[in-house]
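Down below is the structure, laid out as structure tokens.
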Amino acid sequence: MAANDRRLSLALEGLRGAVRQNVSLQSMTHLRIGGSADWLVEPYTEVDAQTVVRVCRDLDLPLRVLGGGSNLLVADEGVRGVVMRLDALNRVVRDDVRLTAGAGVTVPSLLRGARDCGLAGLEILTGVPAMVGGAVAMNAGTLDGETFDHLVSLTVLQPDGELTVLGREDFAPRYRDGGLAGRICLHATFELTPDDPQRIFERFEASLKRRNATQPVTERSVGCVFRNPEGDSAGRLIERSGCKLMRRGGVVVSGKHANYFVNEGEGTAADFLGLVDDVRERVRQEFGVELELEVQLWGFDGGD
Ligand SMILES: Cc1cc2nc3c(=O)[nH]c(=O)nc-3n(C[C@H](O)[C@H](O)[C@H](O)COP(=O)(O)OP(=O)(O)OC[C@H]3O[C@@H](n4cnc5c(N)ncnc54)[C@H](O)[C@@H]3O)c2cc1C
């Protein structure tokens, strides 16, 4: 064991949670692509998460937080340092029209809970296979709205491990970026609107039906690979550039939605990035537009 690994192992000895070395991240991402994390740490409580942040800072180890893995491309060589999962922060607490959800609550279960309480608003996130922490970090959204539209406060760990509660006004979220700036989301409080559960359910259903008809929702993807350029749709530009069904190895541009790349089974991160380059080049030639990645890259030069 290298010296830093030994120090990490010792420093996390009393941690409540799981600490494992050399863990494959493939099955923890929707794409099912990527290598291993040097360390995977799954703290049970927010205080344990705080310990992980402080230990990594003291040992100068890179720390990444994994949510639902639905917007991640992990390098075939994996990632160095520590990956932390917050799945144990999985409680939802109701206070009148407010719901406070842990970072490890899945968005679909939060939506079901909100519907059962007769609280509307979060239906905008129907079909987003995220965890609450990831939805906040990415300011996940649809044409109907974004995560921050209903957010009133966040409990976060600052980069130095300090635990702070911040109001919505402390953030400047943008399109697909919650503006957390290195802070880790532990809990999020949403303010919703009372409504009839049946009406909320009908909106879910309508939205799911739309998604199923237009997106390859059951395939291995990251959702939209590229951000939409101002006033346009990346999917439209890719489709008009003739990129549907273009492929690199085991990764193919979906025939159903051109901004989705699908891993057909044997795809690698190198295939995925090769296809990104090919599609970007075609769109650049065709429209003079430089597409920007929405998918988060882990373990690549210049990535997260
Ligand atoms: C089929 C499909 C459909 C999709 N549809 C949509 C859609 O309609 N709209 C949309 O916006 N996105 C969509 N996505 C993309 C994805 O679901 C969102 O980007 C989502 O917000 C990612 O959340 P996650 O929990 O999976 O995060 P991950 O993919 O695990 O991580 C994404 C980023 O968030 C960070 N992060 C995760 N948890 C935390 C935390 N607790 N604190 C701080 N940072 C954290 C990670 O470090 C990483 O940088 C779709 C993806 C798929 C596969």
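Labels for the structure tokens follow display order: chains A, B, ..., residues from 1 in each chain, ligands from 1.
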Contacts between ligand 1 and chain A, please, where a residue of chain A counts if it comes within 6 Å (with only C-alpha atoms and all ligand atoms); show its shortest atom pair and distance in Å to one decimal, rows by chain and ascending number, as JSON lines.
```
{"residue": "A:His30", "atom": "CA", "partner": "ligand 1", "partner_atom_place_in_ligand_line": "53 (C)", "distance": 5.7}
{"residue": "A:Arg64", "atom": "CA", "partner": "ligand 1", "partner_atom_place_in_ligand_line": "47 (O)", "distance": 5.4}
{"residue": "A:Val65", "atom": "CA", "partner": "ligand 1", "partner_atom_place_in_ligand_line": "47 (O)", "distance": 4.2}
{"residue": "A:Leu66", "atom": "CA", "partner": "ligand 1", "partner_atom_place_in_ligand_line": "30 (O)", "distance": 4.2}
{"residue": "A:Gly67", "atom": "CA", "partner": "ligand 1", "partner_atom_place_in_ligand_line": "30 (O)", "distance": 3.3}
{"residue": "A:Gly68", "atom": "CA", "partner": "ligand 1", "partner_atom_place_in_ligand_line": "26 (O)", "distance": 3.3}
{"residue": "A:Gly69", "atom": "CA", "partner": "ligand 1", "partner_atom_place_in_ligand_line": "30 (O)", "distance": 3.3}
{"residue": "A:Ser70", "atom": "CA", "partner": "ligand 1", "partner_atom_place_in_ligand_line": "26 (O)", "distance": 3.6}
{"residue": "A:Asn71", "atom": "CA", "partner": "ligand 1", "partner_atom_place_in_ligand_line": "29 (O)", "distance": 3.5}
{"residue": "A:Leu72", "atom": "CA", "partner": "ligand 1", "partner_atom_place_in_ligand_line": "29 (O)", "distance": 4.7}
{"residue": "A:Ala103", "atom": "CA", "partner": "ligand 1", "partner_atom_place_in_ligand_line": "41 (N)", "distance": 5.0}
{"residue": "A:Val128", "atom": "CA", "partner": "ligand 1", "partner_atom_place_in_ligand_line": "5 (N)", "distance": 4.4}
{"residue": "A:Pro129", "atom": "CA", "partner": "ligand 1", "partner_atom_place_in_ligand_line": "17 (O)", "distance": 4.8}
{"residue": "A:Ala130", "atom": "CA", "partner": "ligand 1", "partner_atom_place_in_ligand_line": "25 (O)", "distance": 3.7}
{"residue": "A:Met131", "atom": "CA", "partner": "ligand 1", "partner_atom_place_in_ligand_line": "25 (O)", "distance": 3.7}
{"residue": "A:Gly133", "atom": "CA", "partner": "ligand 1", "partner_atom_place_in_ligand_line": "41 (N)", "distance": 3.5}
{"residue": "A:Gly134", "atom": "CA", "partner": "ligand 1", "partner_atom_place_in_ligand_line": "25 (O)", "distance": 3.4}
{"residue": "A:Ala135", "atom": "CA", "partner": "ligand 1", "partner_atom_place_in_ligand_line": "21 (O)", "distance": 3.4}
{"residue": "A:Ala137", "atom": "CA", "partner": "ligand 1", "partner_atom_place_in_ligand_line": "44 (N)", "distance": 4.8}
{"residue": "A:Met138", "atom": "CA", "partner": "ligand 1", "partner_atom_place_in_ligand_line": "21 (O)", "distance": 4.7}
{"residue": "A:Ala140", "atom": "CA", "partner": "ligand 1", "partner_atom_place_in_ligand_line": "11 (O)", "distance": 3.2}
{"residue": "A:Gly141", "atom": "CA", "partner": "ligand 1", "partner_atom_place_in_ligand_line": "11 (O)", "distance": 4.1}
{"residue": "A:Thr142", "atom": "CA", "partner": "ligand 1", "partner_atom_place_in_ligand_line": "8 (O)", "distance": 5.0}
{"residue": "A:Ile184", "atom": "CA", "partner": "ligand 1", "partner_atom_place_in_ligand_line": "42 (N)", "distance": 3.7}
{"residue": "A:Cys185", "atom": "CA", "partner": "ligand 1", "partner_atom_place_in_ligand_line": "42 (N)", "distance": 3.9}
{"residue": "A:Leu186", "atom": "CA", "partner": "ligand 1", "partner_atom_place_in_ligand_line": "41 (N)", "distance": 5.7}
{"residue": "A:Val217", "atom": "CA", "partner": "ligand 1", "partner_atom_place_in_ligand_line": "1 (C)", "distance": 4.4}
{"residue": "A:Ser221", "atom": "CA", "partner": "ligand 1", "partner_atom_place_in_ligand_line": "53 (C)", "distance": 4.9}
{"residue": "A:Val222", "atom": "CA", "partner": "ligand 1", "partner_atom_place_in_ligand_line": "53 (C)", "distance": 4.0}
{"residue": "A:Gly223", "atom": "CA", "partner": "ligand 1", "partner_atom_place_in_ligand_line": "51 (C)", "distance": 3.5}
{"residue": "A:Gln296", "atom": "CA", "partner": "ligand 1", "partner_atom_place_in_ligand_line": "49 (O)", "distance": 5.7}
```
- Would you kindly return, as a PyMOL selection string, each protein, DNA or RNA residue with an atom no farther than 9 Å from any atom of Gly179 of chain A, considering only C-alpha atoms and excluding same-chain residues fewer than 5 positions away? chain A and resi 136-139+171-174
May I have a table of the residues of segment 6-72 of chain A lying at most 8 Å from segment 255-272 of chain A, giving each one's closest pair of atoms and their distance in Å to one decimal, counting only C-alpha atoms, ordered by chain and ascending residue number, as CSV?
```
residue,atom,partner,partner_atom,distance
A:Leu31,CA,A:Asn263,CA,6.2
A:Arg32,CA,A:Asn263,CA,7.7
A:Ile33,CA,A:Thr268,CA,5.8
A:Gly34,CA,A:Ala269,CA,6.3
```
- Task: Within 12 Å of Thr126 of chain A, counting only C-alpha atoms, which residues show up once you throw out same-chain ones fewer than 4 positions away? Write them as a ChimeraX atom specification, please.
- Result: /A:106-112,114-115,120-122,130,135,140-147,200-212,217
Writing out the chosen residues with N, CA and C atoms as an mmCIF file, in the first residue's frame:
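The file below, result31.cif, is the result:
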```
data_model
loop_
_atom_site.group_PDB
_atom_site.id
_atom_site.type_symbol
_atom_site.label_atom_id
_atom_site.label_comp_id
_atom_site.auth_asym_id
_atom_site.auth_seq_id
_atom_site.Cartn_x
_atom_site.Cartn_y
_atom_site.Cartn_z
ATOM 1 N N THR A 106 -33.381 9.358 -4.400
ATOM 2 C CA THR A 106 -33.467 9.394 -5.865
ATOM 3 C C THR A 106 -34.601 10.346 -6.267
ATOM 4 N N VAL A 107 -34.393 11.011 -7.385
ATOM 5 C CA VAL A 107 -35.414 11.969 -7.839
ATOM 6 C C VAL A 107 -36.764 11.276 -8.080
ATOM 7 N N PRO A 108 -36.784 10.087 -8.733
ATOM 8 C CA PRO A 108 -38.092 9.446 -8.911
ATOM 9 C C PRO A 108 -38.814 9.183 -7.583
ATOM 10 N N SER A 109 -38.068 8.804 -6.519
ATOM 11 C CA SER A 109 -38.769 8.528 -5.255
ATOM 12 C C SER A 109 -39.206 9.834 -4.595
ATOM 13 N N LEU A 110 -38.436 10.900 -4.769
ATOM 14 C CA LEU A 110 -38.865 12.205 -4.238
ATOM 15 C C LEU A 110 -40.160 12.649 -4.932
ATOM 16 N N LEU A 111 -40.217 12.432 -6.233
ATOM 17 C CA LEU A 111 -41.420 12.838 -6.987
ATOM 18 C C LEU A 111 -42.638 12.043 -6.527
ATOM 19 N N ARG A 112 -42.431 10.738 -6.308
ATOM 20 C CA ARG A 112 -43.563 9.915 -5.834
ATOM 21 C C ARG A 112 -44.014 10.396 -4.459
ATOM 22 N N ALA A 114 -43.671 13.413 -3.147
ATOM 23 C CA ALA A 114 -44.334 14.720 -3.265
ATOM 24 C C ALA A 114 -45.766 14.533 -3.767
ATOM 25 N N ARG A 115 -45.917 13.665 -4.750
ATOM 26 C CA ARG A 115 -47.259 13.410 -5.290
ATOM 27 C C ARG A 115 -48.172 12.845 -4.197
ATOM 28 N N ALA A 120 -47.138 19.822 -5.441
ATOM 29 C CA ALA A 120 -46.792 19.906 -6.870
ATOM 30 C C ALA A 120 -45.609 20.819 -7.108
ATOM 31 N N GLY A 121 -44.955 20.632 -8.235
ATOM 32 C CA GLY A 121 -43.860 21.508 -8.666
ATOM 33 C C GLY A 121 -42.710 20.698 -9.224
ATOM 34 N N LEU A 122 -42.369 19.606 -8.510
ATOM 35 C CA LEU A 122 -41.193 18.847 -8.931
ATOM 36 C C LEU A 122 -41.459 17.959 -10.151
ATOM 37 N N ALA A 130 -31.760 10.947 -11.563
ATOM 38 C CA ALA A 130 -30.681 11.490 -10.725
ATOM 39 C C ALA A 130 -30.927 11.192 -9.260
ATOM 40 N N ALA A 135 -28.970 16.327 -8.931
ATOM 41 C CA ALA A 135 -29.937 17.222 -9.592
ATOM 42 C C ALA A 135 -29.645 18.671 -9.201
ATOM 43 N N ALA A 140 -30.536 20.275 -12.710
ATOM 44 C CA ALA A 140 -31.234 19.465 -13.722
ATOM 45 C C ALA A 140 -32.580 20.095 -14.052
ATOM 46 N N GLY A 141 -33.001 19.926 -15.287
ATOM 47 C CA GLY A 141 -34.268 20.520 -15.663
ATOM 48 C C GLY A 141 -34.763 20.039 -17.006
ATOM 49 N N THR A 142 -35.894 20.569 -17.363
ATOM 50 C CA THR A 142 -36.525 20.227 -18.644
ATOM 51 C C THR A 142 -37.066 21.532 -19.221
ATOM 52 N N LEU A 143 -37.801 21.420 -20.310
ATOM 53 C CA LEU A 143 -38.394 22.631 -20.891
ATOM 54 C C LEU A 143 -39.345 23.292 -19.900
ATOM 55 N N ASP A 144 -39.856 22.511 -18.935
ATOM 56 C CA ASP A 144 -40.851 23.043 -17.998
ATOM 57 C C ASP A 144 -40.238 23.773 -16.801
ATOM 58 N N GLY A 145 -38.950 23.609 -16.559
ATOM 59 C CA GLY A 145 -38.337 24.296 -15.410
ATOM 60 C C GLY A 145 -37.101 23.574 -14.927
ATOM 61 N N GLU A 146 -36.518 24.106 -13.827
ATOM 62 C CA GLU A 146 -35.255 23.555 -13.337
ATOM 63 C C GLU A 146 -35.337 23.313 -11.830
ATOM 64 N N THR A 147 -34.371 22.544 -11.328
ATOM 65 C CA THR A 147 -34.349 22.171 -9.912
ATOM 66 C C THR A 147 -34.394 23.393 -8.997
ATOM 67 N N ILE A 200 -51.490 15.631 -10.164
ATOM 68 C CA ILE A 200 -50.018 15.565 -10.256
ATOM 69 C C ILE A 200 -49.628 14.299 -11.010
ATOM 70 N N PHE A 201 -50.277 13.190 -10.668
ATOM 71 C CA PHE A 201 -50.000 11.909 -11.310
ATOM 72 C C PHE A 201 -50.225 12.003 -12.823
ATOM 73 N N GLU A 202 -51.305 12.673 -13.196
ATOM 74 C CA GLU A 202 -51.597 12.790 -14.637
ATOM 75 C C GLU A 202 -50.503 13.585 -15.360
ATOM 76 N N ARG A 203 -49.964 14.592 -14.675
ATOM 77 C CA ARG A 203 -48.868 15.361 -15.299
ATOM 78 C C ARG A 203 -47.615 14.491 -15.446
ATOM 79 N N PHE A 204 -47.319 13.662 -14.393
ATOM 80 C CA PHE A 204 -46.201 12.708 -14.497
ATOM 81 C C PHE A 204 -46.358 11.840 -15.736
ATOM 82 N N GLU A 205 -47.541 11.268 -15.808
ATOM 83 C CA GLU A 205 -47.808 10.291 -16.876
ATOM 84 C C GLU A 205 -47.645 10.921 -18.255
ATOM 85 N N ALA A 206 -48.190 12.131 -18.416
ATOM 86 C CA ALA A 206 -48.114 12.818 -19.717
ATOM 87 C C ALA A 206 -46.660 13.080 -20.071
ATOM 88 N N SER A 207 -45.897 13.484 -19.052
ATOM 89 C CA SER A 207 -44.500 13.824 -19.291
ATOM 90 C C SER A 207 -43.687 12.565 -19.625
ATOM 91 N N LEU A 208 -43.957 11.468 -18.906
ATOM 92 C CA LEU A 208 -43.242 10.214 -19.189
ATOM 93 C C LEU A 208 -43.552 9.709 -20.589
ATOM 94 N N LYS A 209 -44.811 9.846 -20.957
ATOM 95 C CA LYS A 209 -45.230 9.391 -22.291
ATOM 96 C C LYS A 209 -44.473 10.160 -23.382
ATOM 97 N N ARG A 210 -44.369 11.479 -23.176
ATOM 98 C CA ARG A 210 -43.628 12.320 -24.136
ATOM 99 C C ARG A 210 -42.182 11.868 -24.232
ATOM 100 N N ARG A 211 -41.573 11.635 -23.048
ATOM 101 C CA ARG A 211 -40.162 11.228 -23.022
ATOM 102 C C ARG A 211 -39.958 9.879 -23.705
ATOM 103 N N ASN A 212 -40.807 8.925 -23.362
ATOM 104 C CA ASN A 212 -40.638 7.588 -23.935
ATOM 105 C C ASN A 212 -40.747 7.607 -25.451
ATOM 106 N N VAL A 217 -34.922 6.182 -23.413
ATOM 107 C CA VAL A 217 -34.788 6.261 -21.957
ATOM 108 C C VAL A 217 -34.303 4.958 -21.306
#
```
- Message: DSSP on the backbone: which residues in segment 110-165 of chain A end up as strand (DSSP E)? Give the answer as a list in words.
- Response: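 Residues meeting the strand (DSSP E) criterion: Leu119, Ala120, Gly141, Thr142, Gly145, Glu146, Leu151, Val152, Ser153, Leu154, Thr155, Val156, Leu157, Leu163, Thr164 and Val165 of chain A.
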- Query: So how far away is atom CA of Ala188 of chain A from atom CA of Gly167 of chain A, in Å?
  - Reply: 10.0 Å
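Among the candidate residues A:Asp195, A:Glu281, A:Glu77, A:Glu42, the one lying nearest to Asp116 of chain A is A:Asp195, with distances computed using only C-alpha atoms.
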- Message: Given only C-alpha atoms as the basis, pick out the residue of A:Leu293, A:Val19, A:Leu86, A:Leu8 nearest to Gln50 of chain A.
- Response: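 Residue with the minimum atom-to-atom distance to Gln50 of chain A: A:Leu86.
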